[in-house]
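One structure is given below, encoded as structure tokens.
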There are 2 protein chains.
Amino acid sequence: MFAYKGDVLHTPTPDRFEVFEDGYVVVDDEGTVIDVVSSLPKAYADADLTIVDRSGCLIIPGFNDLHVHAPQYPLAGLGFDYELLDWLEKYTFPAESKYADLAMADHWYRRFITAMWSAGTLRFSAFATLHNESTLRLMELCQQSGLKPVVGKVNMDRNAPDYLVESTQASLAGTEELIRKSRETTPDVGFIVTPRFVPSTTEALMEGLGELVERYRLPVQSHLDESRDEIAWVRELHPDVPSYAEVYERYGLMPRNRTIMAHCVWLTDRERDVLREREVWLTHCAQSNLDLSSGIMPVRRNLDAGLKVCVASDVAGSHEPDMNRHIVMSVEASKAKTFEAGCERDRPLRLSEAFHMATKVPGSFFGKVGSFEPGYEFDALVVREDESPLDLSPQERLERFIYTGDDRDIKERYVSGRLIPQPFEDER
Amino acid sequence: MFAYKGDVLHTPTPDRFEVFEDGYVVVDDEGTVIDVVSSLPKAYADADLTIVDRSGCLIIPGFNDLHVHAPQYPLAGLGFDYELLDWLEKYTFPAESKYADLAMADHWYRRFITAMWSAGTLRFSAFATLHNESTLRLMELCQQSGLKPVVGKVNMDRNAPDYLVESTQASLAGTEELIRKSRETTPDVGFIVTPRFVPSTTEALMEGLGELVERYRLPVQSHLDESRDEIAWVRELHPDVPSYAEVYERYGLMPRNRTIMAHCVWLTDRERDVLREREVWLTHCAQSNLDLSSGIMPVRRNLDAGLKVCVASDVAGSHEPDMNRHIVMSVEASKAKTFEAGCERDRPLRLSEAFHMATKVPGSFFGKVGSFEPGYEFDALVVREDESPLDLSPQERLERFIYTGDDRDIKERYVSGRLIPQPFEDER
């Protein structure tokens, strides 16, 4: 049994940070949180307890990022004078095509995983590319790293350049093969079914993927209502389906409480009902939505509608993986919506809410993750102490880390109670 | 004579980057740019020319930040669930009061200057506090660092807490003393007259400061039209003056082509006319204006009105000093304004424009600074080469640096042709 000592903060509920100054997270040998306390009760003194003393540091849940494109990491920051569909054609598709080369994929996927580790993103849901070998390699590298993401081969069989498209059959067969192989070789890295988005997948492909989802009881991730041009395109492609969201639903690609839909900037109320009923995780990618001029999700409205909204990076529709910066951007975008559109007046997102949306809400996709309540896995970041001329509370020091910190401020990362060193360092 | 070799980029005009791939900036022994060329003409081969080979790196103008609060640097990121006036009371004023202690000021001003150096901000216009000794110390430390900012003692004689206010006479006398002392001891660090903002300064103080501005031919910096509550307050205090801007003008605090006005989020057309006529630099602090829920400046409208608009940090109304991030935030805020308020449709700020607003426009406050045109001072950053799976142009590499880079990517900093090492490192 271990007791991690430091200034412990988490958000069991979104309305406020729960703070244990000079407190302890007590964790069992399997890495499960038993208790979080301000001082150690007598009972623990008698137990076989190792104190891990991080006094003066913050101990917070690790970040969970439910929307990231692993192959796009080296493009981050390119092409933001374009909007979504042009940007895909000009930057994303050419870059993704290079992952046909396994050695190239191996090199850049190592860098991607290291970037996630650096940023304190301990679990994530990643799009790979359509290439089977390099997608399996990404999963194997994740397994080596100690991080616990899910990863999907991207399915595309229409409306993509010749160099980045598969036949329906090849796409389905490759997917099923990866599902099986990864079950053998990457026990901590799950497979997630990943149709790129409706315009990239024929009805036959969506139908086949829906069958795989059911047969293997898999989760699904895709894009929904990101930009207005994209929505108009989906309407043209599927005039018979009443909404974009319902296209996924129709083909079995919205399994209840196992689905992630990225962006959801322009949801209709009808779609809100679908997403709530299906218990979908919506990923709010505020930085990406500004970078690509897509819009700003009305977060408050979605929260009030009872939807599960997460903060996510969408690297490389956005320019950086760091979840602390995405927490900040979510708050800033919410403020912009308040005073520009006037639609959220008086209730911009508060910091504790955005933190909750980057830890506990997306963590729940992986089970009991993203909080230090009893029964949760001990996924944690140890953030170094910070000098200040003011006498700051732990919560103010956490604010400083979220707004100004970077990878240099994170001293340690734990996944399920296990200390995770920098991946691939010993190979350099 | 020196020729700095690398991928040279700058923005003589806002509409595009001028690029010299594998080019040269030729600089004379006084640090003035003679020429920027794609290959060295024969004439130079015969001259006494030292090649400084930075092949594979980007060579760009240094950043100039016309609005930053030096004492607030250690607060960056605190209190952004508050709006401006509450945030001033709760965080800013208590923190600034601590600069009465010279040793404390010395410590934190060194860290502030190092942060500016790290971020590649080679010139800036800083608010200090109202404390005379520590303000002089800030100027002396800047002089030691090799950076070339202007600095002002903050004037406040009303509407401030007891612990952070001076009498009108003390404020004026202290200002004049600092003007004289700094002229003797800090030749590269100018003094700038710095009334905090209208609500903090009585008419007598503004009048006295206006006389100093005229007598010593000094520049002025202050705040204007940042938040709606502040504007309402100014209207109450000066019901006889038709606009906030005209209060400064009335008291001689808007000398032509020597004035910086921070924020200007809520300008009226009448104020636009005043600022254009006075040739004022407007600082657009997009991150601060979102963090403190102040609003978003209609940048396009101000540019179209012929105003000089800069990108600035406003640390610590914002959370970070890095000008590359403020360039990005200006672009993002402009996009938000486009699709939320609809008022800038079709013309969000482009990257070259925002870069121009962080280099050449604010540089012009200091003379010929912020560009590599002949006659400009060689203020430059050398940005390290970046590995990529794509074959990127120099402009795309610059985009990557602006969006994703940090201090670790800046290899060298030059001011007026002089290489500036990390300040105060040898004292540690």
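In the structure tokens, chains take the letters A, B, ... in the order shown, each chain's residues start at 1, and ligands count up from 1 in the order shown.
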Can you pull out every residue from region 372-402 of chain B that DSSP, working from the backbone, puts in alpha helix (DSSP H), and format the result as a ChimeraX atom specification? /B:394-402
For region 210-217 of chain B, please output as an mmCIF file with C-alpha atoms, in the first residue's frame all residues within 9 Å (counting only C-alpha atoms; exclusion window: fewer than 5 positions along the same chain).
```
data_model
loop_
_atom_site.group_PDB
_atom_site.id
_atom_site.type_symbol
_atom_site.label_atom_id
_atom_site.label_comp_id
_atom_site.auth_asym_id
_atom_site.auth_seq_id
_atom_site.Cartn_x
_atom_site.Cartn_y
_atom_site.Cartn_z
ATOM 1 C CA LEU B 172 4.904 64.010 -9.708
ATOM 2 C CA THR B 175 8.339 60.794 -11.660
ATOM 3 C CA GLU B 176 10.567 63.756 -12.363
ATOM 4 C CA ILE B 179 13.256 60.848 -15.466
ATOM 5 C CA ILE B 192 7.764 56.530 -20.364
ATOM 6 C CA VAL B 193 5.124 58.511 -18.486
ATOM 7 C CA LEU B 205 -1.906 64.611 -11.443
ATOM 8 C CA TYR B 248 -5.966 61.822 -21.814
ATOM 9 C CA TYR B 251 -4.360 66.783 -20.072
ATOM 10 C CA GLY B 252 -1.528 66.536 -22.567
ATOM 11 C CA LEU B 253 -1.185 62.787 -22.162
ATOM 12 C CA MET B 254 -1.509 61.918 -25.828
ATOM 13 C CA PRO B 255 1.615 63.388 -27.463
#
```
Taking only residues of chain A that have an atom at most 9 Å from an atom of chain B, what is each one's shortest atom pair and its distance in Å to one decimal, using only C-alpha atoms, in chain and number order, as CSV?
```
residue,atom,partner,partner_atom,distance
A:Pro74,CA,B:Ser388,CA,6.3
A:Leu75,CA,B:Arg400,CA,7.9
A:Ala76,CA,B:Arg400,CA,6.9
A:Gly77,CA,B:Arg400,CA,4.9
A:Leu78,CA,B:Arg400,CA,6.0
A:Gly79,CA,B:Glu396,CA,8.0
A:Phe80,CA,B:Leu351,CA,8.4
A:Asp81,CA,B:Arg350,CA,6.4
A:Pro94,CA,B:Leu390,CA,8.6
A:Ala95,CA,B:Leu390,CA,6.8
A:Lys98,CA,B:Pro389,CA,7.9
A:Met104,CA,B:Pro389,CA,7.9
A:Trp108,CA,B:Pro389,CA,8.2
A:Gln287,CA,B:Glu332,CA,8.2
A:Leu290,CA,B:Glu332,CA,5.4
A:Asp291,CA,B:Glu332,CA,6.1
A:Leu292,CA,B:Lys335,CA,8.7
A:Ser293,CA,B:Lys335,CA,5.9
A:Ser294,CA,B:Phe339,CA,8.2
A:Gly295,CA,B:Phe339,CA,6.3
A:Ile296,CA,B:Ala336,CA,7.5
A:His319,CA,B:Tyr403,CA,6.1
A:Glu320,CA,B:Thr404,CA,6.3
A:Val328,CA,B:Asp291,CA,8.7
A:Val331,CA,B:Asp291,CA,8.1
A:Glu332,CA,B:Leu290,CA,5.4
A:Ala333,CA,B:Leu290,CA,7.8
A:Lys335,CA,B:Ser293,CA,5.9
A:Ala336,CA,B:Leu290,CA,6.5
A:Lys337,CA,B:Glu340,CA,7.0
A:Thr338,CA,B:Ser293,CA,8.5
A:Phe339,CA,B:Gly295,CA,6.3
A:Glu340,CA,B:Ala341,CA,5.4
A:Ala341,CA,B:Glu340,CA,5.4
A:Leu349,CA,B:Asp81,CA,8.9
A:Arg350,CA,B:Asp81,CA,6.4
A:Leu351,CA,B:Asp81,CA,7.2
A:Glu387,CA,B:Pro74,CA,8.5
A:Ser388,CA,B:Pro74,CA,6.3
A:Pro389,CA,B:Pro74,CA,7.1
A:Leu390,CA,B:Ala95,CA,6.8
A:Glu396,CA,B:Leu78,CA,6.5
A:Arg397,CA,B:Leu78,CA,8.4
A:Glu399,CA,B:Leu78,CA,6.2
A:Arg400,CA,B:Gly77,CA,4.9
A:Phe401,CA,B:Gly77,CA,8.0
A:Ile402,CA,B:Gly77,CA,7.8
A:Tyr403,CA,B:Gly77,CA,5.0
A:Thr404,CA,B:His319,CA,6.1
```
Same residues, C-alpha atoms, saved as an mmCIF file, in the first residue's frame:
```
data_model
loop_
_atom_site.group_PDB
_atom_site.id
_atom_site.type_symbol
_atom_site.label_atom_id
_atom_site.label_comp_id
_atom_site.auth_asym_id
_atom_site.auth_seq_id
_atom_site.Cartn_x
_atom_site.Cartn_y
_atom_site.Cartn_z
ATOM 1 C CA PRO A 74 4.258 16.631 -36.908
ATOM 2 C CA LEU A 75 1.903 18.950 -38.840
ATOM 3 C CA ALA A 76 0.741 20.827 -35.792
ATOM 4 C CA GLY A 77 0.495 24.531 -36.543
ATOM 5 C CA LEU A 78 0.431 24.276 -40.331
ATOM 6 C CA GLY A 79 -2.161 25.705 -42.647
ATOM 7 C CA PHE A 80 -4.468 27.625 -40.357
ATOM 8 C CA ASP A 81 -5.131 30.306 -42.933
ATOM 9 C CA PRO A 94 -0.603 14.114 -47.914
ATOM 10 C CA ALA A 95 0.934 13.746 -44.461
ATOM 11 C CA LYS A 98 3.360 8.849 -45.613
ATOM 12 C CA MET A 104 8.618 6.537 -40.931
ATOM 13 C CA TRP A 108 6.920 9.716 -35.727
ATOM 14 C CA GLN A 287 -8.464 25.509 -30.137
ATOM 15 C CA LEU A 290 -10.784 28.505 -33.751
ATOM 16 C CA ASP A 291 -7.666 27.541 -35.721
ATOM 17 C CA LEU A 292 -9.761 26.112 -38.566
ATOM 18 C CA SER A 293 -12.508 28.760 -38.278
ATOM 19 C CA SER A 294 -15.100 26.085 -37.583
ATOM 20 C CA GLY A 295 -16.994 27.866 -34.799
ATOM 21 C CA ILE A 296 -17.339 27.699 -31.015
ATOM 22 C CA HIS A 319 -1.555 23.194 -32.741
ATOM 23 C CA GLU A 320 -0.581 21.623 -29.436
ATOM 24 C CA VAL A 328 -7.620 27.376 -20.811
ATOM 25 C CA VAL A 331 -12.640 28.773 -20.772
ATOM 26 C CA GLU A 332 -11.530 31.569 -23.107
ATOM 27 C CA ALA A 333 -13.772 30.394 -25.952
ATOM 28 C CA LYS A 335 -16.011 33.805 -22.476
ATOM 29 C CA ALA A 336 -15.820 34.874 -26.134
ATOM 30 C CA LYS A 337 -19.175 33.264 -26.748
ATOM 31 C CA THR A 338 -20.574 35.116 -23.759
ATOM 32 C CA PHE A 339 -19.689 38.581 -24.905
ATOM 33 C CA GLU A 340 -19.708 38.172 -28.654
ATOM 34 C CA ALA A 341 -22.813 36.089 -29.311
ATOM 35 C CA LEU A 349 -17.139 28.031 -18.114
ATOM 36 C CA ARG A 350 -15.290 28.129 -14.813
ATOM 37 C CA LEU A 351 -11.873 26.608 -14.330
ATOM 38 C CA GLU A 387 8.086 30.038 -6.203
ATOM 39 C CA SER A 388 5.816 33.040 -5.710
ATOM 40 C CA PRO A 389 5.947 36.433 -4.028
ATOM 41 C CA LEU A 390 2.366 35.829 -2.901
ATOM 42 C CA GLU A 396 -4.069 29.038 -6.964
ATOM 43 C CA ARG A 397 -0.897 27.051 -7.670
ATOM 44 C CA GLU A 399 -4.428 27.664 -11.633
ATOM 45 C CA ARG A 400 -0.880 28.866 -12.326
ATOM 46 C CA PHE A 401 0.105 25.444 -13.650
ATOM 47 C CA ILE A 402 -2.950 25.199 -15.887
ATOM 48 C CA TYR A 403 -2.478 28.691 -17.328
ATOM 49 C CA THR A 404 1.310 28.930 -17.508
#
```
Residues within 9 Å of region 218-235 of chain A, please, as a ChimeraX atom specification. Count only C-alpha atoms; anything in the same chain fewer than 3 positions from it doesn't count. /A:66-67,83-85,125-127,152,190-199,212-215,238-245,247-248,253-267,289,292-295
Taking 5 positions as the minimum chain separation for residues in the same chain, which residues sit within 7 Å of Ile59 (chain A) when counting only C-alpha atoms? Answer as a list in words. Gly6, Asp7, Val8, Leu9, Ala380, Leu381, Val382 and Val383 of chain A
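Across region 314-404 of chain B, DSSP run on the backbone finds strand (DSSP E) at Ala380, Leu381, Val382 and Val383 of chain B.
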Could you save those same residues with all heavy atoms as a PDB file, in the first residue's frame?
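And here's out00.pdb as it stands now:
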```
ATOM      1  N   ALA B 380      17.107  40.588 -33.951  1.00  0.00           N
ATOM      2  CA  ALA B 380      16.754  39.338 -34.634  1.00  0.00           C
ATOM      3  C   ALA B 380      16.734  38.150 -33.699  1.00  0.00           C
ATOM      4  O   ALA B 380      17.407  38.136 -32.663  1.00  0.00           O
ATOM      5  CB  ALA B 380      17.746  39.077 -35.762  1.00  0.00           C
ATOM      6  N   LEU B 381      15.931  37.169 -34.081  1.00  0.00           N
ATOM      7  CA  LEU B 381      15.921  35.864 -33.419  1.00  0.00           C
ATOM      8  C   LEU B 381      16.396  34.818 -34.414  1.00  0.00           C
ATOM      9  O   LEU B 381      16.008  34.844 -35.579  1.00  0.00           O
ATOM     10  CB  LEU B 381      14.502  35.492 -32.974  1.00  0.00           C
ATOM     11  CG  LEU B 381      13.758  36.506 -32.111  1.00  0.00           C
ATOM     12  CD1 LEU B 381      12.351  36.001 -31.800  1.00  0.00           C
ATOM     13  CD2 LEU B 381      14.532  36.805 -30.828  1.00  0.00           C
ATOM     14  N   VAL B 382      17.228  33.900 -33.920  1.00  0.00           N
ATOM     15  CA  VAL B 382      17.607  32.736 -34.716  1.00  0.00           C
ATOM     16  C   VAL B 382      16.834  31.544 -34.146  1.00  0.00           C
ATOM     17  O   VAL B 382      16.973  31.221 -32.961  1.00  0.00           O
ATOM     18  CB  VAL B 382      19.122  32.488 -34.651  1.00  0.00           C
ATOM     19  CG1 VAL B 382      19.483  31.199 -35.400  1.00  0.00           C
ATOM     20  CG2 VAL B 382      19.877  33.682 -35.236  1.00  0.00           C
ATOM     21  N   VAL B 383      15.997  30.961 -34.989  1.00  0.00           N
ATOM     22  CA  VAL B 383      15.116  29.876 -34.552  1.00  0.00           C
ATOM     23  C   VAL B 383      15.634  28.569 -35.125  1.00  0.00           C
ATOM     24  O   VAL B 383      15.938  28.479 -36.314  1.00  0.00           O
ATOM     25  CB  VAL B 383      13.669  30.146 -35.016  1.00  0.00           C
ATOM     26  CG1 VAL B 383      12.750  28.989 -34.652  1.00  0.00           C
ATOM     27  CG2 VAL B 383      13.160  31.450 -34.412  1.00  0.00           C
TER      28      VAL B 383
END
```
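The two atoms in question, CA of Glu277 (chain B) and CA of Pro298 (chain B), are spaced 19.1 Å apart.
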Distance query Arg408 (chain A) at most 10 Å, only C-alpha atoms, self and fewer than 2 positions along chain excluded, as a list of chain:residue names: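 Final neighbour list, sorted by chain and number: A:Ser118, A:Ala119, A:Val383, A:Arg384, A:Gly405, A:Asp406, A:Ile410, A:Lys411.
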Writing out the chosen residues with N, CA, C and O atoms as a PDB file, in the first residue's frame:
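Written output follows (again-v4.pdb):
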```pdb
ATOM      1  N   SER A 118       4.720  13.739 -22.293  1.00  0.00           N
ATOM      2  CA  SER A 118       5.245  15.027 -21.819  1.00  0.00           C
ATOM      3  C   SER A 118       4.125  15.913 -21.302  1.00  0.00           C
ATOM      4  O   SER A 118       4.246  16.553 -20.262  1.00  0.00           O
ATOM      5  N   ALA A 119       3.033  15.948 -22.051  1.00  0.00           N
ATOM      6  CA  ALA A 119       1.931  16.843 -21.722  1.00  0.00           C
ATOM      7  C   ALA A 119       1.102  16.332 -20.544  1.00  0.00           C
ATOM      8  O   ALA A 119       0.192  17.019 -20.088  1.00  0.00           O
ATOM      9  N   VAL A 383       3.082  17.721  -9.932  1.00  0.00           N
ATOM     10  CA  VAL A 383       3.482  19.003 -10.512  1.00  0.00           C
ATOM     11  C   VAL A 383       4.377  19.728  -9.517  1.00  0.00           C
ATOM     12  O   VAL A 383       4.048  19.829  -8.335  1.00  0.00           O
ATOM     13  N   ARG A 384       5.489  20.224 -10.001  1.00  0.00           N
ATOM     14  CA  ARG A 384       6.518  20.738  -9.092  1.00  0.00           C
ATOM     15  C   ARG A 384       6.097  22.023  -8.394  1.00  0.00           C
ATOM     16  O   ARG A 384       5.255  22.767  -8.886  1.00  0.00           O
ATOM     17  N   GLY A 405       1.827  26.562 -17.145  1.00  0.00           N
ATOM     18  CA  GLY A 405       2.758  25.440 -17.071  1.00  0.00           C
ATOM     19  C   GLY A 405       2.995  24.750 -18.398  1.00  0.00           C
ATOM     20  O   GLY A 405       2.239  24.919 -19.351  1.00  0.00           O
ATOM     21  N   ASP A 406       4.063  23.985 -18.444  1.00  0.00           N
ATOM     22  CA  ASP A 406       4.282  23.097 -19.581  1.00  0.00           C
ATOM     23  C   ASP A 406       4.923  21.817 -19.083  1.00  0.00           C
ATOM     24  O   ASP A 406       4.976  21.568 -17.869  1.00  0.00           O
ATOM     25  N   ILE A 410       5.923  19.147 -14.980  1.00  0.00           N
ATOM     26  CA  ILE A 410       5.401  17.844 -14.533  1.00  0.00           C
ATOM     27  C   ILE A 410       6.587  16.953 -14.169  1.00  0.00           C
ATOM     28  O   ILE A 410       7.406  16.614 -15.020  1.00  0.00           O
ATOM     29  N   LYS A 411       6.661  16.619 -12.888  1.00  0.00           N
ATOM     30  CA  LYS A 411       7.805  15.829 -12.401  1.00  0.00           C
ATOM     31  C   LYS A 411       7.601  14.337 -12.582  1.00  0.00           C
ATOM     32  O   LYS A 411       8.540  13.603 -12.833  1.00  0.00           O
TER      33      LYS A 411
END
```
With only C-alpha atoms as the counted atoms, please give the residues lying no more than 7 Å from Phe2 (chain A), apart from itself and same-chain residues fewer than 4 positions off, as an MDAnalysis selection string. chainID A and resid 26:28 49:52
Restricting the output to N, CA and C atoms, write the selected residues as a tab-separated table (two decimals), in the first residue's frame.
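Generated output (result_14.tsv):
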```
chain	number	residue	atom	x	y	z
A	26	VAL	N	-4.20	7.44	-0.77
A	26	VAL	CA	-3.80	6.09	-0.37
A	26	VAL	C	-4.21	5.12	-1.48
A	27	VAL	N	-3.25	4.34	-1.94
A	27	VAL	CA	-3.42	3.52	-3.14
A	27	VAL	C	-3.00	2.08	-2.82
A	28	ASP	N	-3.79	1.12	-3.26
A	28	ASP	CA	-3.41	-0.28	-2.97
A	28	ASP	C	-2.38	-0.79	-3.98
A	49	LEU	N	2.58	0.35	4.87
A	49	LEU	CA	2.31	1.52	4.04
A	49	LEU	C	3.61	2.23	3.67
A	50	THR	N	3.83	2.44	2.39
A	50	THR	CA	4.99	3.22	1.95
A	50	THR	C	4.55	4.65	1.67
A	51	ILE	N	5.19	5.62	2.32
A	51	ILE	CA	4.86	7.02	2.05
A	51	ILE	C	5.71	7.51	0.87
A	52	VAL	N	5.06	7.99	-0.15
A	52	VAL	CA	5.78	8.61	-1.27
A	52	VAL	C	5.65	10.11	-1.07
```
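For the set B:Leu102, B:Ala312, B:Gln169, B:Met1, the residue with the smallest atom-to-atom gap to Ile34 (chain B) is B:Met1, counting only C-alpha atoms.
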Pairwise distance for CA of Leu307 (chain A) and CA of Val361 (chain A), rounded to one decimal in Å: 10.5 Å
